[in-house]
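Scroll down for the structure; my scribbles are underneath it.
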Amino acid sequence: MSSWFEERRADKVADAEEQRRTRAFEAELRREERRKDRDEERADKAQARRDKALRKQARAARREKTLTPGNVYRKGTLLLVAMSALAAIPAQVAYFVKKSLMLLPVPFALEGAAWVMAAGVAYADERKLPAWVRWLLRAFCLSAAGFAARINYIHGSEQGALVGWGLAAVTMLGPLYFEVRQWVITLSAAISNPRQQAEERARRKHDRRRRRHHRDVAKVADRLVSAAPYGTLKPEEAWARAWAIVHGTTEPGMTPRMHAWAVKSAAALATAQQPLPLDSKTIRTRIEGRLHASAFVLPTASGTPLGMTKSAQVVTDLPPASKTREKTPVKPARRQPPAHRRSKGDALPFHPIAKTVAADTARKVTAVNGHH
């Protein structure tokens with residue numbers, strides 16, 4: 001009996017444990033679902049913020065692209081042109097209708113002719129047609145615009161001179177603004193690559209200078225290009241051949257005169273770089289040059305410096321004779337002492353510089369004679 005109750009109690013405990021585990025698992029599932037929902041909501045909000053930022057950046061980019069100086073100028077010019085046409089046509093319509101109702105199409109024909117010719121100028125610029133075509137279209141455009149401005153001036157003068165001049169100016173400013181706009185656009189397209197344009201300008205300048213400096217070669221090169229089939233001989237190849245024909249050399253820039261000049265300069269350089277022969281005459285010349293270049297004095301026993309004389313070894317101690325004659329009478333001089341004779345020990349020794357030069361000369365002479 002007790003075993004049955006124990007089993008029953010164990011079953012209840014097991015059921016309770018199973019229910020607890022089930023509830024814990026379900027709670028964990030609910031928490032996981034809520035966490036996933038929060039993550040998804042957070043991701044959706046982040047994506048929404050990113051999308052909003054991207055849309056904002058796209059709008060800013062479009063605005064920046066739209067509000068560039070070029071776009072503002074182009075669109076603003078078109079707006080001014082449209083306003084000019086809207087101001088000019090009613091005055092012309094009023095003028096011609098007052099004359100006759102059958103003249104109603106004339107204002108539209110005048111304005112249409114002016115704007116069609118202006119568009120023709122733009123098309124000619126785009127297709128890079130000859131300049132005379134563009135100037136002819138400009139002349140037609142200005143003629144039609146000028147006639148319309150004259151009509152508006154006559155019609156506006158009835159209300160006052162200022163009104164007439166204002167209508168005429170408005171009529172002419174539209175085509176003029178459009179022409180200036182087209183001119184600016186054409187120039188902007190031409191300088192889209194400034195580095196390439198600068199290179200082309202430098203090349204054209206170089207070609208003009210080369211043809212001006214070498215006219216004979218340019219004539220021969222032109223004849224070679226014209227004689228060859230079209231496109232088979234390039235200008236640079238023709239120039240190289242013409243240079244060889246005219247000057248006899250394939251090196252650009254060199255002529256017979258310049259070759260002779262180069263040979264003469266090379267010979268002069270070789271002569272200048274050749275060393276001088278070391279003989280006795282050269283050694284003697286160098287020694288004498290160094291002796292004369294050295295300015296020095298020799299001391300005497302009394303301490304008075306004496307200048308160098310012709311003989312560097314013997315110096316007389318007699319005073320120099322006076323070159324000027326005395327005016328006062330002089331008593332008969334005493335007996336002059338006998339001339340000084342050289343004796344042992346009265347000559348001054350060699351100067352140290354002379355000793356150095358003599359030793360150097362002896363060594364060089366020995367080397368020249370083949371002794372070591």
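The way I read the labels, and the way they are meant: chains A, B, ... in the order of the structure tokens, residue 1 as the first residue of every chain, and ligand 1 as the first ligand shown, with later ones counted on from there.
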Near Val217 of chain A, within 8 Å and counting only C-alpha atoms, which residues show up once chain neighbours fewer than 2 positions away are dropped, as a PyMOL selection string? chain A and resi 211+214-215+219-221+239+242-243+246
Among segment 78-306 of chain A, which ones does DSSP assign to helix (DSSP H, G or I) (computed from the backbone)? Answer as a ChimeraX atom specification. /A:78-99,101-103,105-127,131-157,161-190,194-213,215-227,235-247,256-273,280-293
Just the residues within 12 Å of Gly174 of chain A, please, counting only C-alpha atoms, with nothing from its chain fewer than 5 positions along; format it as a PyMOL selection string. chain A and resi 76-89+111+114-115+118+141-142+145-146+148-149+167-169+179-181
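Atom CA of Gly253 of chain A lies 13.4 Å from atom CA of Arg209 of chain A.
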Hey, which bits of segment 75-145 of chain A sit within 8 Å of segment 152-163 of chain A, and for each residue what's the closest pair of atoms and how far apart in Å (one decimal), counting only C-alpha atoms, rows by chain and increasing number, as JSON lines?
```
{"residue": "A:Ala88", "atom": "CA", "partner": "A:Asn152", "partner_atom": "CA", "distance": 7.1}
{"residue": "A:Ala91", "atom": "CA", "partner": "A:Asn152", "partner_atom": "CA", "distance": 6.0}
{"residue": "A:Gln92", "atom": "CA", "partner": "A:Asn152", "partner_atom": "CA", "distance": 6.0}
{"residue": "A:Tyr95", "atom": "CA", "partner": "A:His155", "partner_atom": "CA", "distance": 6.0}
```
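Separating atom CA of Trp4 of chain A from atom CA of Glu18 of chain A is a distance of 20.7 Å.
As for atom CA of Gln197 of chain A and atom CA of Thr232 of chain A, they are spaced 26.7 Å apart.
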For Ile353 of chain A, which residue among A:Ala24, A:Ile287, A:Lys56, A:Pro90 is the nearest when counting only C-alpha atoms? A:Ile287
